[in-house]
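Shown below: entry-v3.pdb, with PDB, C-alpha atoms.
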ATOM      1  CA  MET U  27     143.454 110.697 210.814  1.00  0.00           C
ATOM      2  CA  TRP U  28     141.606 113.744 209.590  1.00  0.00           C
ATOM      3  CA  THR U  29     142.217 115.455 206.247  1.00  0.00           C
ATOM      4  CA  VAL U  30     142.319 119.220 205.753  1.00  0.00           C
ATOM      5  CA  LEU U  31     140.853 121.121 202.808  1.00  0.00           C
ATOM      6  CA  PHE U  32     141.246 124.871 202.275  1.00  0.00           C
ATOM      7  CA  SER U  33     138.697 127.159 200.648  1.00  0.00           C
ATOM      8  CA  LYS U  34     140.000 129.600 198.021  1.00  0.00           C
ATOM      9  CA  GLN U  35     139.625 132.398 200.557  1.00  0.00           C
ATOM     10  CA  ALA U  36     141.662 130.479 203.142  1.00  0.00           C
ATOM     11  CA  ASP U  37     144.362 129.675 200.556  1.00  0.00           C
ATOM     12  CA  LYS U  38     144.705 133.359 199.678  1.00  0.00           C
ATOM     13  CA  ALA U  39     144.791 134.346 203.350  1.00  0.00           C
ATOM     14  CA  MET U  40     147.496 131.776 204.148  1.00  0.00           C
ATOM     15  CA  ALA U  41     149.595 132.943 201.185  1.00  0.00           C
ATOM     16  CA  SER U  42     149.415 136.556 202.376  1.00  0.00           C
ATOM     17  CA  LEU U  43     150.584 135.803 205.937  1.00  0.00           C
ATOM     18  CA  HIS U  44     154.111 136.564 207.086  1.00  0.00           C
ATOM     19  CA  PRO U  45     156.173 133.332 206.838  1.00  0.00           C
ATOM     20  CA  THR U  46     156.565 133.093 210.621  1.00  0.00           C
ATOM     21  CA  MET U  47     152.822 133.442 211.226  1.00  0.00           C
ATOM     22  CA  ARG U  48     152.072 131.081 208.330  1.00  0.00           C
ATOM     23  CA  LYS U  49     154.221 128.436 210.057  1.00  0.00           C
ATOM     24  CA  ARG U  50     152.437 128.977 213.388  1.00  0.00           C
ATOM     25  CA  VAL U  51     149.004 128.704 211.782  1.00  0.00           C
ATOM     26  CA  SER U  52     150.038 125.648 209.772  1.00  0.00           C
ATOM     27  CA  ASP U  53     151.395 123.938 212.892  1.00  0.00           C
ATOM     28  CA  ALA U  54     148.171 124.722 214.777  1.00  0.00           C
ATOM     29  CA  ILE U  55     146.083 123.237 211.953  1.00  0.00           C
ATOM     30  CA  ASP U  56     148.309 120.130 211.930  1.00  0.00           C
ATOM     31  CA  ALA U  57     147.745 119.716 215.680  1.00  0.00           C
ATOM     32  CA  LEU U  58     144.018 120.102 215.071  1.00  0.00           C
ATOM     33  CA  LEU U  59     144.052 117.150 212.654  1.00  0.00           C
ATOM     34  CA  VAL U  60     145.067 114.696 215.367  1.00  0.00           C
ATOM     35  CA  ASP U  61     141.785 115.207 217.253  1.00  0.00           C
ATOM     36  CA  PRO U  62     139.750 118.318 216.377  1.00  0.00           C
ATOM     37  CA  PHE U  63     137.451 117.746 219.353  1.00  0.00           C
ATOM     38  CA  LYS U  64     140.223 118.004 221.962  1.00  0.00           C
ATOM     39  CA  ALA U  65     142.423 120.670 220.363  1.00  0.00           C
ATOM     40  CA  ARG U  66     143.516 123.677 222.405  1.00  0.00           C
ATOM     41  CA  ASN U  67     142.096 127.167 221.833  1.00  0.00           C
ATOM     42  CA  VAL U  68     139.004 125.980 219.945  1.00  0.00           C
ATOM     43  CA  LYS U  69     135.519 127.405 220.429  1.00  0.00           C
ATOM     44  CA  ALA U  70     132.231 126.913 218.628  1.00  0.00           C
ATOM     45  CA  LEU U  71     130.823 129.951 216.835  1.00  0.00           C
ATOM     46  CA  LYS U  72     127.301 130.739 217.994  1.00  0.00           C
ATOM     47  CA  GLY U  73     124.523 130.198 215.500  1.00  0.00           C
ATOM     48  CA  THR U  74     126.609 128.148 213.054  1.00  0.00           C
ATOM     49  CA  ALA U  75     128.255 124.740 212.732  1.00  0.00           C
ATOM     50  CA  ARG U  76     131.631 126.454 212.444  1.00  0.00           C
ATOM     51  CA  LEU U  77     134.459 126.459 214.938  1.00  0.00           C
ATOM     52  CA  ARG U  78     137.353 128.809 215.450  1.00  0.00           C
ATOM     53  CA  LEU U  79     140.950 128.088 216.364  1.00  0.00           C
ATOM     54  CA  ARG U  80     142.937 130.841 218.084  1.00  0.00           C
ATOM     55  CA  VAL U  81     146.580 131.259 217.023  1.00  0.00           C
ATOM     56  CA  GLY U  82     147.900 134.368 218.758  1.00  0.00           C
ATOM     57  CA  GLY U  83     146.093 137.360 217.270  1.00  0.00           C
ATOM     58  CA  TYR U  84     144.834 135.321 214.313  1.00  0.00           C
ATOM     59  CA  ARG U  85     141.823 133.060 213.950  1.00  0.00           C
ATOM     60  CA  VAL U  86     141.183 130.019 211.776  1.00  0.00           C
ATOM     61  CA  VAL U  87     137.487 129.476 211.019  1.00  0.00           C
ATOM     62  CA  TYR U  88     136.650 125.918 210.010  1.00  0.00           C
ATOM     63  CA  GLU U  89     133.950 123.255 209.760  1.00  0.00           C
ATOM     64  CA  LEU U  90     134.083 119.510 210.371  1.00  0.00           C
ATOM     65  CA  VAL U  91     132.625 116.816 208.133  1.00  0.00           C
ATOM     66  CA  ASN U  92     132.510 113.998 210.701  1.00  0.00           C
ATOM     67  CA  HIS U  93     131.401 111.107 208.518  1.00  0.00           C
ATOM     68  CA  ARG U  94     134.328 111.708 206.121  1.00  0.00           C
ATOM     69  CA  LEU U  95     136.930 112.917 208.683  1.00  0.00           C
ATOM     70  CA  ILE U  96     137.522 116.218 206.877  1.00  0.00           C
ATOM     71  CA  VAL U  97     138.389 119.630 208.319  1.00  0.00           C
ATOM     72  CA  ILE U  98     137.406 122.434 205.922  1.00  0.00           C
ATOM     73  CA  VAL U  99     139.286 125.665 206.624  1.00  0.00           C
ATOM     74  CA  ILE U 100     136.963 128.505 205.632  1.00  0.00           C
ATOM     75  CA  ASP U 101     139.115 131.546 206.429  1.00  0.00           C
ATOM     76  CA  VAL U 102     142.248 132.716 208.244  1.00  0.00           C
ATOM     77  CA  GLY U 103     142.802 136.259 209.447  1.00  0.00           C
ATOM     78  CA  PRO U 104     143.322 138.723 212.267  1.00  0.00           C
ATOM     79  CA  ARG U 105     140.896 138.620 215.152  1.00  0.00           C
ATOM     80  CA  GLY U 106     139.163 141.911 214.358  1.00  0.00           C
ATOM     81  CA  GLY U 107     137.721 141.182 210.909  1.00  0.00           C
ATOM     82  CA  ILE U 108     137.548 137.430 210.570  1.00  0.00           C
ATOM     83  CA  TYR U 109     133.943 137.013 211.721  1.00  0.00           C
ATOM     84  CA  ASP U 110     132.320 139.409 209.213  1.00  0.00           C
TER      85      ASP U 110
END

Kindly return the structure encoded in the file as structure tokens.
Amino acid sequence: MWTVLFSKQADKAMASLHPTMRKRVSDAIDALLVDPFKARNVKALKGTARLRLRVGGYRVVYELVNHRLIVIVIDVGPRGGIYD
């Protein structure tokens, strides 16, 4: 089983989400932890080792540390400004 770690930026973003959206994002991250390679709505970001998870109009940007089975959530936010 994979473990999830949140960056400070991701923690702040999760805390600022509406409770309903926070639950949806949290559930999507939990589903990702079962097998991050076969999760739905995941795409690799070009030019980086990062991946993105789509949850409605929001995106979760994360990285995998394969040898330690860790998912590091970098940021969470609306589609328009998350990739800056």

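Residues in contact range of Thr29 (chain U), defined as at most 7 Å between all atoms listed in the file, with sequence neighbours fewer than 4 positions away removed, read Leu59, Leu95, Ile96 and Val97 of chain U.
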
Requested write-out: C-alpha atoms of the selected residues, as a PDB file, in the frame of the given file:
ATOM      1  CA  LEU U  59     144.052 117.150 212.654  1.00  0.00           C
ATOM      2  CA  LEU U  95     136.930 112.917 208.683  1.00  0.00           C
ATOM      3  CA  ILE U  96     137.522 116.218 206.877  1.00  0.00           C
ATOM      4  CA  VAL U  97     138.389 119.630 208.319  1.00  0.00           C
TER       5      VAL U  97
END

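By chain and then residue number, the residues within 10 Å of region 52-54 of chain U are Met40, Thr46, Ala65, Arg66, Asn67, Leu79, Arg80, Val81 and Val86 of chain U, counting all atoms listed in the file and disregarding those fewer than 6 positions away in sequence.
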
Selection to disk with C-alpha atoms, as a compact mmCIF listing (two decimals), in the frame of the given file:
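Once written, part.txt looks like this:
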# COMPACT_ATOMS: atom_id res chain seq x y z
CA MET U 40 147.50 131.78 204.15
CA THR U 46 156.56 133.09 210.62
CA ALA U 65 142.42 120.67 220.36
CA ARG U 66 143.52 123.68 222.40
CA ASN U 67 142.10 127.17 221.83
CA LEU U 79 140.95 128.09 216.36
CA ARG U 80 142.94 130.84 218.08
CA VAL U 81 146.58 131.26 217.02
CA VAL U 86 141.18 130.02 211.78

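CA of His93 (chain U) is found 14.6 Å from CA of Ala75 (chain U).
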
Step by step, work through what the PyMOL selection byres ((chain U and resi 88) around 12) selects in the shown file, and finish by giving those residues as an mmCIF file with C-alpha atoms, in the coordinates of the input.
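Below you can see out_0.cif, which holds the result:
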data_model
loop_
_atom_site.group_PDB
_atom_site.id
_atom_site.type_symbol
_atom_site.label_atom_id
_atom_site.label_comp_id
_atom_site.auth_asym_id
_atom_site.auth_seq_id
_atom_site.Cartn_x
_atom_site.Cartn_y
_atom_site.Cartn_z
ATOM 1 C CA VAL U 30 142.319 119.220 205.753
ATOM 2 C CA LEU U 31 140.853 121.121 202.808
ATOM 3 C CA PHE U 32 141.246 124.871 202.275
ATOM 4 C CA SER U 33 138.697 127.159 200.648
ATOM 5 C CA GLN U 35 139.625 132.398 200.557
ATOM 6 C CA ALA U 36 141.662 130.479 203.142
ATOM 7 C CA ILE U 55 146.083 123.237 211.953
ATOM 8 C CA LEU U 58 144.018 120.102 215.071
ATOM 9 C CA LEU U 59 144.052 117.150 212.654
ATOM 10 C CA PRO U 62 139.750 118.318 216.377
ATOM 11 C CA VAL U 68 139.004 125.980 219.945
ATOM 12 C CA LYS U 69 135.519 127.405 220.429
ATOM 13 C CA ALA U 70 132.231 126.913 218.628
ATOM 14 C CA LEU U 71 130.823 129.951 216.835
ATOM 15 C CA THR U 74 126.609 128.148 213.054
ATOM 16 C CA ALA U 75 128.255 124.740 212.732
ATOM 17 C CA ARG U 76 131.631 126.454 212.444
ATOM 18 C CA LEU U 77 134.459 126.459 214.938
ATOM 19 C CA ARG U 78 137.353 128.809 215.450
ATOM 20 C CA LEU U 79 140.950 128.088 216.364
ATOM 21 C CA ARG U 80 142.937 130.841 218.084
ATOM 22 C CA ARG U 85 141.823 133.060 213.950
ATOM 23 C CA VAL U 86 141.183 130.019 211.776
ATOM 24 C CA VAL U 87 137.487 129.476 211.019
ATOM 25 C CA GLU U 89 133.950 123.255 209.760
ATOM 26 C CA LEU U 90 134.083 119.510 210.371
ATOM 27 C CA VAL U 91 132.625 116.816 208.133
ATOM 28 C CA ILE U 96 137.522 116.218 206.877
ATOM 29 C CA VAL U 97 138.389 119.630 208.319
ATOM 30 C CA ILE U 98 137.406 122.434 205.922
ATOM 31 C CA VAL U 99 139.286 125.665 206.624
ATOM 32 C CA ILE U 100 136.963 128.505 205.632
ATOM 33 C CA ASP U 101 139.115 131.546 206.429
ATOM 34 C CA VAL U 102 142.248 132.716 208.244
ATOM 35 C CA ILE U 108 137.548 137.430 210.570
ATOM 36 C CA TYR U 109 133.943 137.013 211.721
#

Atomic separation - CA of Leu43 (chain U) relative to CA of Arg94 (chain U), Å: 29.1 Å

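Closest to Met47 (chain U) among U:Tyr84, U:Lys72, U:Trp28, U:Lys64 is U:Tyr84, based on all atoms listed in the file.
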
Atom-to-atom span, CA of Ala41 (chain U) and CA of Gly73 (chain U), Å: 29.0 Å
